[in-house]
Amino acid sequence: MGKFFDTLEPHHYDFIEKQRMYFLASSSFKENTRVNVSPKGYESLRVVDNKVYHLDLTGSGAETIAHLTENGRVTVMLCAFEGPPNIMRLWCKARIVLAKDAEFEDLMHDFFPSWIGQQGIRSILVGDIFQVGTSCGYAVPYYDYVKQRDTLVSHWKKKSDQEMEQYWVDRNSKSIDGLPNLGSKALKNVSLPFLGQIITWTSLLAVGFLIGNLAAKR
């Protein structure tokens, strides 16, 4: 039978620390939009003092960031693939701390020191848990853990800061439902060359249009 708690209890923390995979679920308030569920690994989850900290690595999508920017809702789910059956859900009110934000470095030092210097880190999700739910998990199969995949981390290690920022602009500007997403909001330096070129050409076009209108009126 399912049980609900207002805060995490000591044995809940023990269960969370043993899990090597977890899931993030989020959605928009808008009609006809998708509910997103993402599996996560890499020991990128910290749960401390009834708060959730998720280290967000760059991927082709950024649905969680888009949804949390809109409404702050996220559910973290963990389930036992070995040992006694158990499913745990952490319902949170969350926010996104981008890599450019002042708070980001402090969070990295406090919760993810071994990740400092790793290329491809996009943001940190910070969630206040307002309810905890546990249930039996009898239908969850047993699985043997082998190891974490290193493909994603190895891929981003080859990229420069500018390549990462260009990727965010090109691939993470909108969610799959067209919601405003990461894009240029994640950039540490808005005077990057490619942005500077955009601003310059936009300014030149505006000036040219204005001069053309003035000439026509004469």
# chains A, B, ... in the order shown; residues from 1 in each chain; ligands from 1

call {"tool": "residues_around", "arguments": {"residues": "Ile116 in chain A", "least_positions_apart": "4", "cutoff": "12 Å", "atoms": "only C-alpha atoms", "output": "list in words"}}
result
Leu55, Ala99, Phe104, Glu105, Asp106, Leu107, Met108, His109, Asp110, Phe111, Phe112, Gly120 and Ile121 of chain A

call {"tool": "closest_atom_pairs", "arguments": {"of": "range 85-193 of chain A", "to": "range 13-28 of chain A", "cutoff": "10 Å", "atoms": "only C-alpha atoms", "output": "JSON lines"}}
result
{"residue": "A:Asn86", "atom": "CA", "partner": "A:Phe15", "partner_atom": "CA", "distance": 8.9}
{"residue": "A:Ile87", "atom": "CA", "partner": "A:Phe15", "partner_atom": "CA", "distance": 9.8}
{"residue": "A:Met88", "atom": "CA", "partner": "A:Ile16", "partner_atom": "CA", "distance": 8.6}
{"residue": "A:Arg89", "atom": "CA", "partner": "A:Phe23", "partner_atom": "CA", "distance": 9.4}
{"residue": "A:Leu90", "atom": "CA", "partner": "A:Leu24", "partner_atom": "CA", "distance": 9.7}
{"residue": "A:Trp91", "atom": "CA", "partner": "A:Ala25", "partner_atom": "CA", "distance": 9.7}
{"residue": "A:Tyr145", "atom": "CA", "partner": "A:Arg20", "partner_atom": "CA", "distance": 8.1}
{"residue": "A:Lys147", "atom": "CA", "partner": "A:Arg20", "partner_atom": "CA", "distance": 9.3}
{"residue": "A:Gln148", "atom": "CA", "partner": "A:Arg20", "partner_atom": "CA", "distance": 8.6}
{"residue": "A:Asp177", "atom": "CA", "partner": "A:Ser28", "partner_atom": "CA", "distance": 9.1}
{"residue": "A:Leu179", "atom": "CA", "partner": "A:Ser28", "partner_atom": "CA", "distance": 8.5}

call {"tool": "atom_distance", "arguments": {"atom1": "CA of Phe81 in chain A", "atom2": "CA of Val146 in chain A"}}
result
12.4 Å

call {"tool": "closest_residue", "arguments": {"among": "A:Lys185, A:Gly137, A:Phe5, A:Asn50", "to": "Asp101 in chain A", "atoms": "only C-alpha atoms"}}
result
A:Lys185

call {"tool": "closest_residue", "arguments": {"among": "A:Gly178, A:Gly117, A:Gly72, A:Gly133", "to": "Cys92 in chain A", "atoms": "only C-alpha atoms"}}
result
A:Gly72

call {"tool": "select_by_dssp", "arguments": {"residues": "range 1-211 of chain A", "states": "strand (DSSP E)", "output": "PyMOL selection string"}}
result
chain A and resi 3-5+22-27+35-40+45-48+51-57+73-79+87-98+121-135

call {"tool": "closest_residue", "arguments": {"among": "A:Glu82, A:Asp49, A:Asp150, A:Glu43", "to": "Phe130 in chain A", "atoms": "only C-alpha atoms"}}
result
A:Asp49

call {"tool": "closest_atom_pairs", "arguments": {"of": "range 93-194 of chain A", "to": "range 61-68 of chain A", "cutoff": "10 Å", "atoms": "only C-alpha atoms", "output": "CSV"}}
result
residue,atom,partner,partner_atom,distance
A:Lys93,CA,A:Leu68,CA,8.6
A:Ala94,CA,A:Leu68,CA,6.7
A:Arg95,CA,A:Leu68,CA,6.1
A:Ile96,CA,A:Ile65,CA,6.6
A:Val97,CA,A:Ile65,CA,9.6
A:Leu98,CA,A:Ile65,CA,9.6
A:Arg122,CA,A:Ala62,CA,9.5
A:Ser123,CA,A:Ile65,CA,8.6
A:Ile124,CA,A:Ile65,CA,9.6
A:Leu125,CA,A:Ile65,CA,8.3
A:Trp168,CA,A:Ala62,CA,9.3
A:Arg171,CA,A:Gly61,CA,7.2
A:Asn172,CA,A:Ala62,CA,6.0
A:Ser173,CA,A:Ala62,CA,8.6
A:Lys174,CA,A:Ala66,CA,7.6
A:Ser175,CA,A:Glu63,CA,5.5
A:Ile176,CA,A:Glu63,CA,7.4
A:Asp177,CA,A:Glu63,CA,9.0
A:Gly178,CA,A:Ala66,CA,9.3
A:Leu179,CA,A:Ala66,CA,6.3
A:Pro180,CA,A:Ala66,CA,6.3
A:Asn181,CA,A:Ala66,CA,4.7
A:Leu182,CA,A:Ile65,CA,7.0
A:Gly183,CA,A:Ala62,CA,9.8

call {"tool": "closest_residue", "arguments": {"among": "A:Thr58, A:Thr75, A:Val169, A:Val47", "to": "Pro10 in chain A", "atoms": "only C-alpha atoms"}}
result
A:Val47

call {"tool": "atom_distance", "arguments": {"atom1": "CA of Lys51 in chain A", "atom2": "CA of Met77 in chain A"}}
result
14.1 Å

call {"tool": "select_by_dssp", "arguments": {"residues": "range 37-203 of chain A", "states": "helix (DSSP H, G or I)", "output": "VMD selection string"}}
result
chain A and resid 63 to 70 102 to 111 113 to 115 151 to 157 161 to 171 183 to 186 193 to 203

call {"tool": "write_last_selection", "arguments": {"atoms": "C-alpha atoms", "output": "PDB file, in the first residue's frame"}}
result
ATOM      1  CA  GLU A  63      12.462  19.648 -21.810  1.00  0.00           C
ATOM      2  CA  THR A  64      12.892  19.739 -18.036  1.00  0.00           C
ATOM      3  CA  ILE A  65      14.440  23.216 -18.192  1.00  0.00           C
ATOM      4  CA  ALA A  66      11.570  24.508 -20.355  1.00  0.00           C
ATOM      5  CA  HIS A  67       8.891  23.054 -18.080  1.00  0.00           C
ATOM      6  CA  LEU A  68      10.484  24.244 -14.848  1.00  0.00           C
ATOM      7  CA  THR A  69      11.000  27.708 -16.269  1.00  0.00           C
ATOM      8  CA  GLU A  70       7.273  27.803 -16.954  1.00  0.00           C
ATOM      9  CA  ALA A 102      26.419  33.311  -9.639  1.00  0.00           C
ATOM     10  CA  GLU A 103      24.913  30.571  -7.472  1.00  0.00           C
ATOM     11  CA  PHE A 104      26.081  27.823  -9.814  1.00  0.00           C
ATOM     12  CA  GLU A 105      29.720  27.665  -8.635  1.00  0.00           C
ATOM     13  CA  ASP A 106      28.704  27.401  -4.974  1.00  0.00           C
ATOM     14  CA  LEU A 107      26.314  24.548  -5.765  1.00  0.00           C
ATOM     15  CA  MET A 108      29.028  22.730  -7.714  1.00  0.00           C
ATOM     16  CA  HIS A 109      31.474  23.029  -4.808  1.00  0.00           C
ATOM     17  CA  ASP A 110      28.862  21.950  -2.257  1.00  0.00           C
ATOM     18  CA  PHE A 111      27.274  19.026  -4.077  1.00  0.00           C
ATOM     19  CA  PRO A 113      32.940  18.810  -6.551  1.00  0.00           C
ATOM     20  CA  SER A 114      34.120  15.814  -8.589  1.00  0.00           C
ATOM     21  CA  TRP A 115      32.347  17.269 -11.654  1.00  0.00           C
ATOM     22  CA  THR A 151      29.584   8.186 -24.157  1.00  0.00           C
ATOM     23  CA  LEU A 152      27.977  11.512 -23.221  1.00  0.00           C
ATOM     24  CA  VAL A 153      30.799  12.715 -20.973  1.00  0.00           C
ATOM     25  CA  SER A 154      33.448  11.676 -23.500  1.00  0.00           C
ATOM     26  CA  HIS A 155      31.609  13.459 -26.305  1.00  0.00           C
ATOM     27  CA  TRP A 156      31.436  16.825 -24.528  1.00  0.00           C
ATOM     28  CA  LYS A 157      35.063  16.659 -23.408  1.00  0.00           C
ATOM     29  CA  ASP A 161      33.157  26.547 -24.444  1.00  0.00           C
ATOM     30  CA  GLN A 162      32.102  28.374 -27.594  1.00  0.00           C
ATOM     31  CA  GLU A 163      31.002  25.134 -29.270  1.00  0.00           C
ATOM     32  CA  MET A 164      28.912  24.271 -26.212  1.00  0.00           C
ATOM     33  CA  GLU A 165      27.268  27.678 -26.171  1.00  0.00           C
ATOM     34  CA  GLN A 166      26.551  27.507 -29.898  1.00  0.00           C
ATOM     35  CA  TYR A 167      24.950  24.081 -29.354  1.00  0.00           C
ATOM     36  CA  TRP A 168      22.639  25.512 -26.679  1.00  0.00           C
ATOM     37  CA  VAL A 169      21.550  28.266 -29.056  1.00  0.00           C
ATOM     38  CA  ASP A 170      21.090  25.902 -32.016  1.00  0.00           C
ATOM     39  CA  ARG A 171      19.560  22.870 -30.284  1.00  0.00           C
ATOM     40  CA  GLY A 183      19.135  29.042 -25.899  1.00  0.00           C
ATOM     41  CA  SER A 184      21.093  32.237 -25.327  1.00  0.00           C
ATOM     42  CA  LYS A 185      19.877  32.435 -21.705  1.00  0.00           C
ATOM     43  CA  ALA A 186      22.610  29.960 -20.797  1.00  0.00           C
ATOM     44  CA  PRO A 193      31.564  36.510 -31.569  1.00  0.00           C
ATOM     45  CA  PHE A 194      28.579  34.857 -33.186  1.00  0.00           C
ATOM     46  CA  LEU A 195      26.143  36.908 -31.114  1.00  0.00           C
ATOM     47  CA  GLY A 196      28.105  40.041 -31.838  1.00  0.00           C
ATOM     48  CA  GLN A 197      27.786  39.390 -35.552  1.00  0.00           C
ATOM     49  CA  ILE A 198      24.039  38.968 -35.248  1.00  0.00           C
ATOM     50  CA  ILE A 199      23.687  42.218 -33.313  1.00  0.00           C
ATOM     51  CA  THR A 200      25.961  44.084 -35.763  1.00  0.00           C
ATOM     52  CA  TRP A 201      24.094  42.958 -38.876  1.00  0.00           C
ATOM     53  CA  THR A 202      20.723  43.665 -37.249  1.00  0.00           C
ATOM     54  CA  SER A 203      21.866  47.190 -36.372  1.00  0.00           C
TER      55      SER A 203
END

call {"tool": "closest_residue", "arguments": {"among": "A:Ala80, A:Phe4, A:Ser38, A:Asp56", "to": "Asp144 in chain A", "atoms": "only C-alpha atoms"}}
result
A:Ala80
